[in-house]
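For reference, final.tsv (TSV, C-alpha atoms and all ligand atoms):
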```tsv
chain	number	residue	atom	x	y	z
A	1	MET	CA	13.32	-14.70	3.42
A	2	ARG	CA	11.47	-13.04	6.25
A	3	ARG	CA	8.61	-10.82	5.27
A	4	ILE	CA	6.99	-8.66	7.91
A	5	LEU	CA	4.03	-6.34	7.53
A	6	HIS	CA	3.32	-3.52	9.98
A	7	VAL	CA	-0.05	-1.78	10.20
A	8	ASP	CA	-0.56	1.54	11.97
A	9	MET	CA	-3.91	3.30	11.99
A	10	ASP	CA	-3.97	6.94	10.88
A	11	ALA	CA	-4.69	9.52	13.61
A	12	PHE	CA	-6.40	6.67	15.41
A	13	PHE	CA	-8.37	8.21	18.31
A	14	ALA	CA	-9.37	11.16	16.13
A	15	ALA	CA	-10.39	8.88	13.27
A	16	VAL	CA	-12.67	6.84	15.55
A	17	GLU	CA	-14.30	10.03	16.81
A	18	LEU	CA	-14.82	11.25	13.24
A	19	GLN	CA	-16.69	8.04	12.48
A	20	ARG	CA	-19.17	8.95	15.19
A	21	LEU	CA	-19.22	12.65	14.34
A	22	PRO	CA	-18.98	12.78	10.55
A	23	GLU	CA	-20.01	16.43	10.55
A	24	LEU	CA	-16.50	17.20	11.88
A	25	ALA	CA	-14.78	15.80	8.77
A	26	GLY	CA	-12.19	18.21	7.41
A	27	ARG	CA	-12.02	20.23	10.63
A	28	PRO	CA	-9.07	20.19	13.00
A	29	VAL	CA	-9.93	17.73	15.80
A	30	ILE	CA	-7.86	17.28	18.95
A	31	ILE	CA	-8.39	14.41	21.40
A	32	GLY	CA	-7.06	14.67	24.92
A	33	GLY	CA	-7.87	14.62	28.62
A	34	SER	CA	-11.39	15.70	29.43
A	35	GLY	CA	-11.73	17.52	26.11
A	36	ASP	CA	-11.57	20.94	27.74
A	37	PRO	CA	-8.42	22.82	26.71
A	38	ARG	CA	-8.80	25.12	29.71
A	39	GLN	CA	-8.17	22.16	31.98
A	40	ARG	CA	-4.94	20.29	32.53
A	41	GLY	CA	-4.15	17.43	30.21
A	42	VAL	CA	-2.18	16.57	27.12
A	43	VAL	CA	-3.03	15.88	23.50
A	44	SER	CA	-3.51	12.14	22.86
A	45	THR	CA	-3.74	12.69	19.15
A	46	ALA	CA	-4.79	15.27	16.60
A	47	SER	CA	-6.35	14.94	13.17
A	48	TYR	CA	-4.03	15.68	10.25
A	49	GLU	CA	-5.84	19.02	9.80
A	50	ALA	CA	-4.87	20.00	13.36
A	51	ARG	CA	-1.30	18.74	12.89
A	52	ARG	CA	-0.81	21.40	10.23
A	53	PHE	CA	-0.96	23.94	13.04
A	54	GLY	CA	1.88	22.20	14.85
A	55	VAL	CA	-0.34	20.26	17.26
A	56	HIS	CA	1.02	16.83	18.22
A	57	SER	CA	0.65	13.99	20.74
A	58	GLY	CA	1.99	14.75	24.19
A	59	MET	CA	1.60	18.53	23.88
A	60	PRO	CA	-0.31	20.29	26.71
A	61	LEU	CA	-3.91	20.93	25.62
A	62	ARG	CA	-3.49	24.58	26.55
A	63	ILE	CA	-0.68	24.99	23.99
A	64	ALA	CA	-2.68	23.14	21.35
A	65	TRP	CA	-5.53	25.56	21.97
A	66	GLN	CA	-3.20	28.54	21.44
A	67	LEU	CA	-1.88	27.04	18.20
A	68	CYS	CA	-5.29	26.07	16.88
A	69	PRO	CA	-8.14	27.83	18.72
A	70	GLN	CA	-10.66	26.83	16.05
A	71	ALA	CA	-10.08	23.11	16.68
A	72	VAL	CA	-12.77	20.84	18.09
A	73	PHE	CA	-11.54	19.38	21.40
A	74	LEU	CA	-12.91	16.00	22.46
A	75	PRO	CA	-12.34	13.86	25.56
A	76	VAL	CA	-10.58	10.50	25.40
A	77	ASP	CA	-13.03	7.57	25.19
A	78	TYR	CA	-10.59	4.73	25.59
A	79	GLU	CA	-13.27	2.03	25.69
A	80	ALA	CA	-14.54	3.02	22.26
A	81	TYR	CA	-11.03	2.98	20.78
A	82	GLU	CA	-10.34	-0.42	22.37
A	83	ARG	CA	-13.48	-1.85	20.77
A	84	VAL	CA	-12.40	-0.69	17.32
A	85	SER	CA	-8.86	-1.90	18.02
A	86	ARG	CA	-10.09	-5.42	18.79
A	87	ARG	CA	-12.03	-5.49	15.51
A	88	ILE	CA	-8.93	-4.41	13.58
A	89	LYS	CA	-6.78	-7.10	15.25
A	90	ALA	CA	-9.41	-9.69	14.39
A	91	ILE	CA	-9.31	-8.62	10.73
A	92	LEU	CA	-5.50	-8.89	10.73
A	93	ARG	CA	-5.57	-12.34	12.33
A	94	ARG	CA	-7.71	-13.53	9.42
A	95	PHE	CA	-4.81	-12.76	7.07
A	96	SER	CA	-2.14	-14.44	9.18
A	97	PRO	CA	-2.43	-16.07	12.60
A	98	VAL	CA	1.15	-15.01	13.38
A	99	MET	CA	0.44	-11.52	14.68
A	100	GLU	CA	2.24	-9.39	17.23
A	101	ASP	CA	-0.10	-6.96	18.93
A	102	LEU	CA	2.07	-3.92	19.44
A	103	GLY	CA	-0.39	-1.38	20.74
A	104	ILE	CA	-3.90	-0.04	20.46
A	105	ASP	CA	-3.52	0.92	16.80
A	106	GLU	CA	-0.66	-1.19	15.45
A	107	ALA	CA	0.47	-4.75	14.87
A	108	PHE	CA	3.01	-6.86	13.01
A	109	LEU	CA	2.01	-9.76	10.77
A	110	ASP	CA	4.32	-12.45	9.46
A	111	ILE	CA	3.30	-12.72	5.81
A	112	ALA	CA	6.19	-14.90	4.59
A	113	PRO	CA	4.00	-18.04	4.43
A	114	LEU	CA	1.31	-16.34	2.32
A	115	VAL	CA	1.36	-16.91	-1.42
A	116	ALA	CA	-0.08	-13.59	-2.64
A	117	PRO	CA	2.41	-10.82	-3.46
A	118	PRO	CA	3.07	-8.60	-0.39
A	119	GLU	CA	1.66	-5.44	-1.93
A	120	GLU	CA	-1.52	-7.28	-2.83
A	121	ILE	CA	-1.86	-8.49	0.78
A	122	ALA	CA	-1.33	-4.93	1.99
A	123	ARG	CA	-4.00	-3.60	-0.36
A	124	GLN	CA	-6.46	-6.25	0.78
A	125	ILE	CA	-5.78	-5.51	4.44
A	126	LYS	CA	-6.30	-1.79	3.90
A	127	ALA	CA	-9.53	-2.46	2.00
A	128	ARG	CA	-10.91	-4.87	4.66
A	129	ILE	CA	-10.14	-2.44	7.47
A	130	ARG	CA	-11.77	0.38	5.56
A	131	ALA	CA	-14.82	-1.70	4.68
A	132	GLU	CA	-15.38	-3.00	8.20
A	133	THR	CA	-14.42	0.06	10.27
A	134	GLY	CA	-14.42	2.99	7.85
A	135	LEU	CA	-10.86	3.83	8.94
A	136	SER	CA	-7.63	4.28	7.03
A	137	CYS	CA	-4.25	2.91	7.98
A	138	SER	CA	-0.68	2.90	6.76
A	139	VAL	CA	1.14	-0.32	5.97
A	140	GLY	CA	4.85	-1.05	5.79
A	141	ILE	CA	6.39	-4.23	4.40
A	142	ALA	CA	10.02	-5.14	4.96
A	143	PRO	CA	12.35	-8.04	5.74
A	144	ASN	CA	12.21	-7.34	9.50
A	145	LYS	CA	10.15	-5.65	12.22
A	146	LEU	CA	12.36	-2.59	12.53
A	147	LEU	CA	12.14	-1.71	8.84
A	148	ALA	CA	8.45	-2.65	8.54
A	149	LYS	CA	7.60	-0.34	11.45
A	150	MET	CA	9.60	2.51	9.98
A	151	ALA	CA	8.18	1.87	6.51
A	152	SER	CA	4.57	2.24	7.65
A	153	ASP	CA	5.44	5.72	8.93
A	154	LEU	CA	7.08	6.93	5.69
A	155	GLU	CA	3.94	7.68	3.67
A	156	LYS	CA	1.31	8.45	6.27
A	157	PRO	CA	-1.66	8.79	6.07
A	158	ASP	CA	-3.13	5.99	3.95
A	159	GLY	CA	0.36	4.81	2.99
A	160	LEU	CA	1.64	1.57	1.55
A	161	THR	CA	5.42	1.30	1.58
A	162	VAL	CA	7.62	-1.62	0.67
A	163	LEU	CA	11.15	-1.26	1.98
A	164	ALA	CA	14.12	-3.50	1.16
A	165	GLU	CA	17.47	-3.53	2.95
A	166	GLU	CA	19.08	-1.72	0.01
A	167	ASP	CA	16.61	1.19	0.43
A	168	VAL	CA	17.98	2.03	3.88
A	169	PRO	CA	20.58	4.63	2.79
A	170	ALA	CA	18.15	6.54	0.58
A	171	ARG	CA	14.99	6.37	2.69
A	172	ILE	CA	16.05	5.83	6.31
A	173	TRP	CA	19.40	7.59	6.69
A	174	PRO	CA	18.05	11.12	6.01
A	175	LEU	CA	15.57	10.80	8.91
A	176	PRO	CA	16.24	12.31	12.34
A	177	VAL	CA	17.58	9.73	14.83
A	178	ARG	CA	14.41	10.08	16.89
A	179	LYS	CA	12.57	8.27	14.07
A	180	LEU	CA	14.72	5.16	14.57
A	181	TRP	CA	12.63	2.55	16.37
A	182	GLY	CA	13.92	2.31	19.94
A	183	VAL	CA	15.42	5.80	20.13
A	184	GLY	CA	13.61	7.82	22.78
A	185	PRO	CA	14.18	11.40	23.97
A	186	LYS	CA	17.10	10.47	26.26
A	187	THR	CA	19.08	8.61	23.60
A	188	GLU	CA	18.26	11.36	21.11
A	189	GLU	CA	19.71	13.93	23.49
A	190	ARG	CA	22.90	11.95	24.09
A	191	LEU	CA	23.35	11.36	20.38
A	192	ARG	CA	22.89	15.04	19.70
A	193	ALA	CA	25.62	15.77	22.25
A	194	MET	CA	27.88	13.47	20.18
A	195	GLY	CA	26.99	15.42	17.04
A	196	VAL	CA	24.58	12.82	15.66
A	197	THR	CA	21.22	14.12	14.47
A	198	THR	CA	20.29	11.84	11.55
A	199	ILE	CA	20.19	8.06	11.28
A	200	GLY	CA	22.81	8.29	8.52
A	201	GLU	CA	25.19	10.07	10.89
A	202	LEU	CA	24.58	7.35	13.44
A	203	ALA	CA	25.42	4.71	10.81
A	204	ARG	CA	28.80	6.36	10.25
A	205	ARG	CA	29.84	5.97	13.89
A	206	PRO	CA	32.11	2.97	14.50
A	207	LEU	CA	30.79	0.24	16.78
A	208	ASP	CA	33.34	0.84	19.52
A	209	ARG	CA	32.41	4.52	19.76
A	210	LEU	CA	28.79	3.57	20.32
A	211	THR	CA	29.50	0.80	22.85
A	212	ASP	CA	31.82	3.19	24.75
A	213	ALA	CA	29.05	5.74	24.95
A	214	PHE	CA	26.00	3.49	25.47
A	215	GLY	CA	27.37	0.20	26.83
A	216	PRO	CA	27.72	-3.08	24.88
A	217	ALA	CA	24.03	-3.99	24.53
A	218	HIS	CA	22.53	-0.60	23.71
A	219	GLY	CA	25.56	0.49	21.63
A	220	THR	CA	25.38	-2.65	19.50
A	221	SER	CA	21.64	-2.34	19.01
A	222	LEU	CA	22.00	1.27	17.83
A	223	PHE	CA	24.79	0.22	15.45
A	224	ARG	CA	22.62	-2.51	13.97
A	225	ALA	CA	19.40	-0.49	13.90
A	226	ALA	CA	21.04	2.32	11.94
A	227	ARG	CA	21.81	-0.28	9.23
A	228	GLY	CA	18.29	-1.66	9.24
A	229	ILE	CA	19.43	-4.92	10.84
A	230	ASP	CA	16.94	-6.65	13.14
A	231	ASP	CA	16.31	-10.34	13.66
A	232	SER	CA	13.88	-10.12	16.56
A	233	PRO	CA	10.97	-12.53	16.25
A	234	LEU	CA	7.31	-11.63	16.41
A	235	VAL	CA	5.98	-11.89	19.95
A	236	THR	CA	2.67	-13.66	19.61
A	237	ARG	CA	0.30	-14.62	22.39
A	238	TRP	CA	0.22	-18.35	22.67
A	239	GLU	CA	-1.09	-18.80	26.19
A	240	PRO	CA	-4.72	-19.85	26.36
A	241	LYS	CA	-6.84	-16.77	26.49
A	242	SER	CA	-10.08	-16.08	28.17
A	243	VAL	CA	-12.56	-13.28	28.07
A	244	SER	CA	-14.02	-12.17	31.36
A	245	ARG	CA	-16.04	-9.48	33.04
A	246	GLU	CA	-16.64	-8.99	36.72
A	247	VAL	CA	-18.06	-6.42	39.08
A	248	THR	CA	-17.35	-5.68	42.70
A	249	PHE	CA	-20.48	-4.24	44.27
A	250	GLN	CA	-20.42	-0.92	46.10
A	251	LYS	CA	-22.58	-2.58	48.75
A	252	ASP	CA	-22.75	-6.35	49.31
A	253	VAL	CA	-25.82	-7.82	47.63
A	254	ALA	CA	-28.23	-10.39	49.05
A	255	GLN	CA	-31.07	-10.39	46.50
A	256	ARG	CA	-30.98	-13.11	43.91
A	257	ARG	CA	-32.94	-10.86	41.52
A	258	VAL	CA	-30.21	-8.21	41.57
A	259	LEU	CA	-27.47	-10.79	41.08
A	260	LEU	CA	-29.31	-12.29	38.13
A	261	ALA	CA	-29.66	-8.91	36.47
A	262	VAL	CA	-25.94	-8.30	36.84
A	263	LEU	CA	-25.17	-11.82	35.63
A	264	GLY	CA	-27.21	-11.09	32.50
A	265	ARG	CA	-25.26	-7.94	31.81
A	266	LEU	CA	-21.88	-9.62	32.35
A	267	ALA	CA	-22.82	-12.52	30.07
A	268	ARG	CA	-23.90	-10.11	27.34
A	269	GLU	CA	-20.66	-8.15	27.64
A	270	VAL	CA	-18.58	-11.33	27.47
A	271	ALA	CA	-20.47	-12.48	24.37
A	272	GLU	CA	-20.03	-9.07	22.76
A	273	ARG	CA	-16.29	-9.24	23.40
A	274	LEU	CA	-16.13	-12.73	21.89
A	275	ARG	CA	-17.80	-11.49	18.72
A	276	GLU	CA	-15.49	-8.47	18.49
A	277	GLU	CA	-12.47	-10.77	18.70
A	278	GLU	CA	-14.09	-13.35	16.40
A	279	LEU	CA	-13.70	-16.05	19.02
A	280	LEU	CA	-15.96	-18.86	20.14
A	281	ALA	CA	-15.93	-20.14	23.73
A	282	ARG	CA	-16.46	-23.68	24.91
A	283	THR	CA	-16.43	-23.11	28.67
A	284	VAL	CA	-18.32	-20.59	30.78
A	285	THR	CA	-17.33	-20.00	34.39
A	286	VAL	CA	-19.08	-17.94	37.03
A	287	LYS	CA	-17.17	-16.61	40.01
A	288	LEU	CA	-18.81	-15.44	43.18
A	289	ARG	CA	-17.11	-13.85	46.17
A	290	TYR	CA	-18.98	-13.58	49.45
A	291	LEU	CA	-18.70	-10.70	51.89
A	292	ASP	CA	-16.15	-12.70	53.93
A	293	PHE	CA	-13.99	-13.02	50.78
A	294	GLU	CA	-14.66	-16.71	50.40
A	295	THR	CA	-14.61	-17.24	46.61
A	296	HIS	CA	-16.20	-20.05	44.62
A	297	THR	CA	-16.40	-20.82	40.93
A	298	HIS	CA	-18.61	-23.11	38.89
A	299	ALA	CA	-18.04	-23.94	35.24
A	300	VAL	CA	-19.98	-25.60	32.46
A	301	THR	CA	-18.60	-26.83	29.17
A	302	LEU	CA	-20.82	-26.41	26.15
A	303	GLU	CA	-21.39	-28.97	23.46
A	304	LYS	CA	-20.72	-26.43	20.78
A	305	ALA	CA	-18.43	-23.40	21.09
A	306	THR	CA	-20.41	-20.17	20.98
A	307	ASP	CA	-20.32	-16.38	20.84
A	308	GLN	CA	-24.07	-15.97	21.32
A	309	PRO	CA	-25.30	-13.92	24.29
A	310	LYS	CA	-28.19	-16.32	24.86
A	311	ALA	CA	-25.96	-19.39	25.04
A	312	VAL	CA	-23.41	-17.67	27.28
A	313	LEU	CA	-26.18	-16.48	29.59
A	314	GLU	CA	-27.83	-19.90	29.77
A	315	ALA	CA	-24.50	-21.47	30.69
A	316	ALA	CA	-23.87	-18.74	33.26
A	317	ARG	CA	-27.34	-19.36	34.74
A	318	ARG	CA	-26.59	-23.05	35.10
A	319	CYS	CA	-23.39	-22.18	36.97
A	320	PHE	CA	-25.13	-19.56	39.07
A	321	ASP	CA	-27.85	-21.96	40.20
A	322	ARG	CA	-25.19	-24.11	41.85
A	323	PHE	CA	-24.10	-21.40	44.29
A	324	SER	CA	-25.67	-21.11	47.69
A	325	LEU	CA	-26.84	-17.60	48.50
A	326	ASN	CA	-26.78	-17.86	52.26
A	327	LYS	CA	-24.28	-15.00	52.52
A	328	LYS	CA	-24.16	-11.60	50.87
A	329	VAL	CA	-22.13	-11.31	47.68
A	330	ARG	CA	-19.40	-8.74	47.05
A	331	LEU	CA	-18.23	-9.80	43.59
A	332	LEU	CA	-19.72	-11.56	40.60
A	333	GLY	CA	-17.85	-12.52	37.44
A	334	VAL	CA	-18.37	-14.37	34.16
A	335	ARG	CA	-15.53	-15.88	32.16
A	336	ALA	CA	-15.49	-17.55	28.75
A	337	SER	CA	-12.56	-19.86	28.02
A	338	GLY	CA	-11.66	-22.80	25.83
A	339	LEU	CA	-11.49	-20.31	22.99
A	340	GLU	CA	-11.45	-21.15	19.32
A	341	THR	CA	-11.09	-18.79	16.40
A	342	ASP	CA	-14.28	-18.29	14.50
A	343	GLY	CA	-13.70	-20.16	11.24
A	344	GLU	CA	-10.95	-19.54	8.72
A	345	GLY	CA	-11.69	-16.20	7.19
A	346	ASP	CA	-15.36	-16.83	6.50
A	347	GLU	CA	-17.29	-13.66	7.03
A	348	GLN	CA	-20.18	-13.36	9.40
A	349	SER	CA	-23.03	-11.03	8.79
A	401	LIG	P1	0.04	6.81	17.01
A	401	LIG	O1	-0.07	5.68	16.04
A	401	LIG	O2	1.42	7.22	17.44
A	401	LIG	O3	-0.66	8.12	16.43
A	401	LIG	P2	-1.96	8.26	15.55
A	401	LIG	O4	-2.53	6.93	15.18
A	401	LIG	O5	-2.89	9.18	16.26
A	401	LIG	O6	-1.44	9.02	14.28
A	401	LIG	P3	-0.54	8.45	13.08
A	401	LIG	O7	-0.25	7.02	13.38
A	401	LIG	O8	-1.38	8.64	11.86
A	401	LIG	O9	0.67	9.30	13.09
A	401	LIG	O10	-0.76	6.47	18.31
A	401	LIG	C1	-1.99	5.76	18.29
A	401	LIG	C2	-2.94	6.32	19.30
A	401	LIG	O11	-2.35	6.26	20.60
A	401	LIG	C3	-3.28	7.78	19.07
A	401	LIG	O12	-4.41	7.95	18.19
A	401	LIG	C4	-3.57	8.27	20.46
A	401	LIG	C5	-2.72	7.41	21.36
A	401	LIG	N1	-1.54	8.14	21.82
A	401	LIG	C6	-1.60	8.80	23.05
A	401	LIG	O13	-2.62	8.73	23.75
A	401	LIG	N2	-0.51	9.52	23.46
A	401	LIG	C7	0.64	9.63	22.72
A	401	LIG	O14	1.60	10.29	23.13
A	401	LIG	C8	0.69	8.94	21.45
A	401	LIG	C9	1.92	9.04	20.58
A	401	LIG	C10	-0.42	8.22	21.05
A	402	MG	MG	-1.34	5.45	14.39
```
Using structure tokens, write down the structure that the file contains.
Amino acid sequence: MRRILHVDMDAFFAAVELQRLPELAGRPVIIGGSGDPRQRGVVSTASYEARRFGVHSGMPLRIAWQLCPQAVFLPVDYEAYERVSRRIKAILRRFSPVMEDLGIDEAFLDIAPLVAPPEEIARQIKARIRAETGLSCSVGIAPNKLLAKMASDLEKPDGLTVLAEEDVPARIWPLPVRKLWGVGPKTEERLRAMGVTTIGELARRPLDRLTDAFGPAHGTSLFRAARGIDDSPLVTRWEPKSVSREVTFQKDVAQRRVLLAVLGRLAREVAERLREEELLARTVTVKLRYLDFETHTHAVTLEKATDQPKAVLEAARRCFDRFSLNKKVRLLGVRASGLETDGEGDEQS
């Protein structure tokens, strides 16, 4: 039997901010735009305290401010959330290499091959994420992606929900159709026009009524989704990955000293990224583009795969020394490839 686990972080952007600003714990916190509710912009997310006032993702900041004037408004710091996201994905990949990365704060894992009971796996995942990031998440376990995704949403925040096919009538059918994975505002509106507001009502519509209204593909998928049927596979990334950083200079650069300083920064950033993703790289490549757009690369392959800034920088220096600097440079880049995962679940300090 298939067994899919879905993880979704709780109030993700807000939770990351609360890690940095623990004095805000318990207060309504709203993340969006530049963090100034007088300016244009929408709510990216709100802490659960702020949600009690009716604040939600996608709402104009101005409205959120009217609903909850005492809230703390913070700007979006996407880079910071991405860093935490990469650490979470690395933790998940330790449990099962078959992972579908669905978005900044969610992923599917295929846990069918694992021997431990599913709830035990879920508890361990929640505990690891909490220990390593301080954040809470909600986990859903089900026979397919559709039900796992919907299950993780049923007991938010800090939820753990196991859903079987036979639970669909009791737990899924009472929900509004908008909660069905794949139903967006347009489909919701058209369903409402047909008199369908809950998933259960959708499940009562015969297949031909749905295909007449939505066409064969979409109609059939709604018919199946309402019954909790989904056999879509996990979409994993198999293509060889690399980690890279590059800069295009505002003004073309001639001085070797300046280029070396930038090279050092890029190498450090690449190594940092490797460690966040728990990857080791075997090959380091440096790319250099001259002012006339001529572009050259040099690569070195290391004896031992690494995630250490010093080793990445040394390799990058060896590449760099092979370039001629007879023309000004407009772009410099460092790439790490030949990636390996960093051991099988053994923790690093
Ligand atoms: P969600 O998982 O939808 O929301 P959430 O994690 O904030 O809250 P919860 O899962 O507990 O209900 O989205 C993840 C992040 O994506 C969210 O923290 C901010 C961002 N996001 C937006 O920027 N705009 C949006 O419209 C939505 C829905 C999310
Ligand atoms: Mg979330």
Taking only C-alpha atoms and all ligand atoms into account, list the residues no farther than 8 Å from ligand MG 402 (chain A), as an MDAnalysis selection string. chainID A and resid 8:12 105:106 137
Limited to C-alpha atoms, could you put the picked residues into a file as a short mmCIF file (atom, residue, chain, number, x, y, z; two decimals), keeping the file's coordinate frame?
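Resulting contents of result-v9.cif:
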```cif
data_model
loop_
_atom_site.label_atom_id
_atom_site.label_comp_id
_atom_site.auth_asym_id
_atom_site.auth_seq_id
_atom_site.Cartn_x
_atom_site.Cartn_y
_atom_site.Cartn_z
CA ASP A 8 -0.56 1.54 11.97
CA MET A 9 -3.91 3.30 11.99
CA ASP A 10 -3.97 6.94 10.88
CA ALA A 11 -4.69 9.52 13.61
CA PHE A 12 -6.40 6.67 15.41
CA ASP A 105 -3.52 0.92 16.80
CA GLU A 106 -0.66 -1.19 15.45
CA CYS A 137 -4.25 2.91 7.98
#
```
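CA of Ser47 (chain A) sits 27.6 Å away from CA of Ile4 (chain A).
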Contact table region 228-306 of chain A vs region 324-330 of chain A, cut-off 12 Å, shortest pair per residue, all atoms listed in the file, as JSON lines:
```
{"residue": "A:Glu246", "atom": "CA", "partner": "A:Arg330", "partner_atom": "CA", "distance": 10.7}
{"residue": "A:Val247", "atom": "CA", "partner": "A:Arg330", "partner_atom": "CA", "distance": 8.4}
{"residue": "A:Thr248", "atom": "CA", "partner": "A:Arg330", "partner_atom": "CA", "distance": 5.7}
{"residue": "A:Phe249", "atom": "CA", "partner": "A:Arg330", "partner_atom": "CA", "distance": 5.4}
{"residue": "A:Gln250", "atom": "CA", "partner": "A:Arg330", "partner_atom": "CA", "distance": 7.9}
{"residue": "A:Lys251", "atom": "CA", "partner": "A:Arg330", "partner_atom": "CA", "distance": 7.1}
{"residue": "A:Asp252", "atom": "CA", "partner": "A:Arg330", "partner_atom": "CA", "distance": 4.7}
{"residue": "A:Val253", "atom": "CA", "partner": "A:Val329", "partner_atom": "CA", "distance": 5.1}
{"residue": "A:Ala254", "atom": "CA", "partner": "A:Lys328", "partner_atom": "CA", "distance": 4.6}
{"residue": "A:Gln255", "atom": "CA", "partner": "A:Lys328", "partner_atom": "CA", "distance": 8.3}
{"residue": "A:Arg256", "atom": "CA", "partner": "A:Leu325", "partner_atom": "CA", "distance": 7.6}
{"residue": "A:Arg257", "atom": "CA", "partner": "A:Leu325", "partner_atom": "CA", "distance": 11.5}
{"residue": "A:Val258", "atom": "CA", "partner": "A:Val329", "partner_atom": "CA", "distance": 10.6}
{"residue": "A:Leu259", "atom": "CA", "partner": "A:Val329", "partner_atom": "CA", "distance": 8.5}
{"residue": "A:Leu260", "atom": "CA", "partner": "A:Leu325", "partner_atom": "CA", "distance": 11.9}
{"residue": "A:Val262", "atom": "CA", "partner": "A:Val329", "partner_atom": "CA", "distance": 11.9}
{"residue": "A:Lys287", "atom": "CA", "partner": "A:Val329", "partner_atom": "CA", "distance": 10.6}
{"residue": "A:Leu288", "atom": "CA", "partner": "A:Val329", "partner_atom": "CA", "distance": 7.0}
{"residue": "A:Arg289", "atom": "CA", "partner": "A:Arg330", "partner_atom": "CA", "distance": 5.7}
{"residue": "A:Tyr290", "atom": "CA", "partner": "A:Val329", "partner_atom": "CA", "distance": 4.3}
{"residue": "A:Leu291", "atom": "CA", "partner": "A:Arg330", "partner_atom": "CA", "distance": 5.3}
{"residue": "A:Asp292", "atom": "CA", "partner": "A:Lys327", "partner_atom": "CA", "distance": 8.6}
{"residue": "A:Phe293", "atom": "CA", "partner": "A:Arg330", "partner_atom": "CA", "distance": 7.8}
{"residue": "A:Glu294", "atom": "CA", "partner": "A:Val329", "partner_atom": "CA", "distance": 9.6}
{"residue": "A:Thr295", "atom": "CA", "partner": "A:Val329", "partner_atom": "CA", "distance": 9.6}
{"residue": "A:His296", "atom": "CA", "partner": "A:Ser324", "partner_atom": "CA", "distance": 10.0}
{"residue": "A:Thr297", "atom": "CA", "partner": "A:Ser324", "partner_atom": "CA", "distance": 11.5}
{"residue": "A:His298", "atom": "CA", "partner": "A:Ser324", "partner_atom": "CA", "distance": 11.5}
```
Review point. Which distance in Å separates CA of Arg128 (chain A) and CA of Ile30 (chain A), to one decimal?
Key: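 Between CA of Arg128 (chain A) and CA of Ile30 (chain A) the gap is 26.5 Å.
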One residue among A:Pro60, A:Gly134, A:Gly33, A:Pro143 is nearest to Arg20 (chain A) when using only C-alpha atoms, and that residue is A:Gly134
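Compared by their closest atoms to ligand LIG 401 (chain A), and using all atoms listed in the file, the residues A:Asp230, A:Glu188, A:Asp153, A:Glu49 rank with A:Asp153 nearest.
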note - CA of Pro216 (chain A) and CA of Leu147 (chain A) are separated by 22.4 Å
Q | Expected answer as a PyMOL selection string: residues within 9 Å of ligand LIG 401 (chain A), all atoms listed in the file | A | chain A and resi 8-16+31-32+42-48+56-59+76+81+103-106+137-138+152-153+156-158
Measuring between all atoms listed in the file, which one of A:Ala336, A:Leu102, A:Ile129, A:Val139 shows the shortest distance to Thr236 (chain A)?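 Among the listed residues, A:Leu102 lies closest to Thr236 (chain A).
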Next on the checklist: Residues near Glu119 (chain A), anyone? I mean within 10 Å using only C-alpha atoms, not counting same-chain ones fewer than 2 positions away, as a ChimeraX atom specification.
Outcome noted: /A:5,116-117,121-125,139-141,160-162
Could you write region 330-339 of chain A as a compact mmCIF listing (two decimals), in the coordinates of the input, with N, CA and C atoms rebuilt where they are missing?
```
# COMPACT_ATOMS: atom_id res chain seq x y z
N ARG A 330 -20.11 -10.00 47.34
CA ARG A 330 -19.40 -8.74 47.05
C ARG A 330 -18.88 -8.68 45.63
N LEU A 331 -18.75 -9.83 44.96
CA LEU A 331 -18.23 -9.80 43.59
C LEU A 331 -18.88 -10.90 42.77
N LEU A 332 -19.17 -10.57 41.52
CA LEU A 332 -19.72 -11.56 40.60
C LEU A 332 -18.97 -11.43 39.27
N GLY A 333 -18.60 -12.58 38.70
CA GLY A 333 -17.85 -12.52 37.44
C GLY A 333 -18.26 -13.64 36.49
N VAL A 334 -18.10 -13.37 35.20
CA VAL A 334 -18.37 -14.37 34.16
C VAL A 334 -17.13 -14.47 33.27
N ARG A 335 -16.69 -15.70 33.03
CA ARG A 335 -15.53 -15.88 32.16
C ARG A 335 -15.84 -16.89 31.07
N ALA A 336 -15.38 -16.60 29.86
CA ALA A 336 -15.49 -17.55 28.75
C ALA A 336 -14.09 -18.03 28.41
N SER A 337 -13.89 -19.34 28.34
CA SER A 337 -12.56 -19.86 28.02
C SER A 337 -12.70 -21.04 27.06
N GLY A 338 -11.62 -21.75 26.84
CA GLY A 338 -11.66 -22.80 25.83
C GLY A 338 -11.94 -22.17 24.48
N LEU A 339 -11.15 -21.15 24.14
CA LEU A 339 -11.49 -20.31 22.99
C LEU A 339 -10.99 -20.90 21.68
```
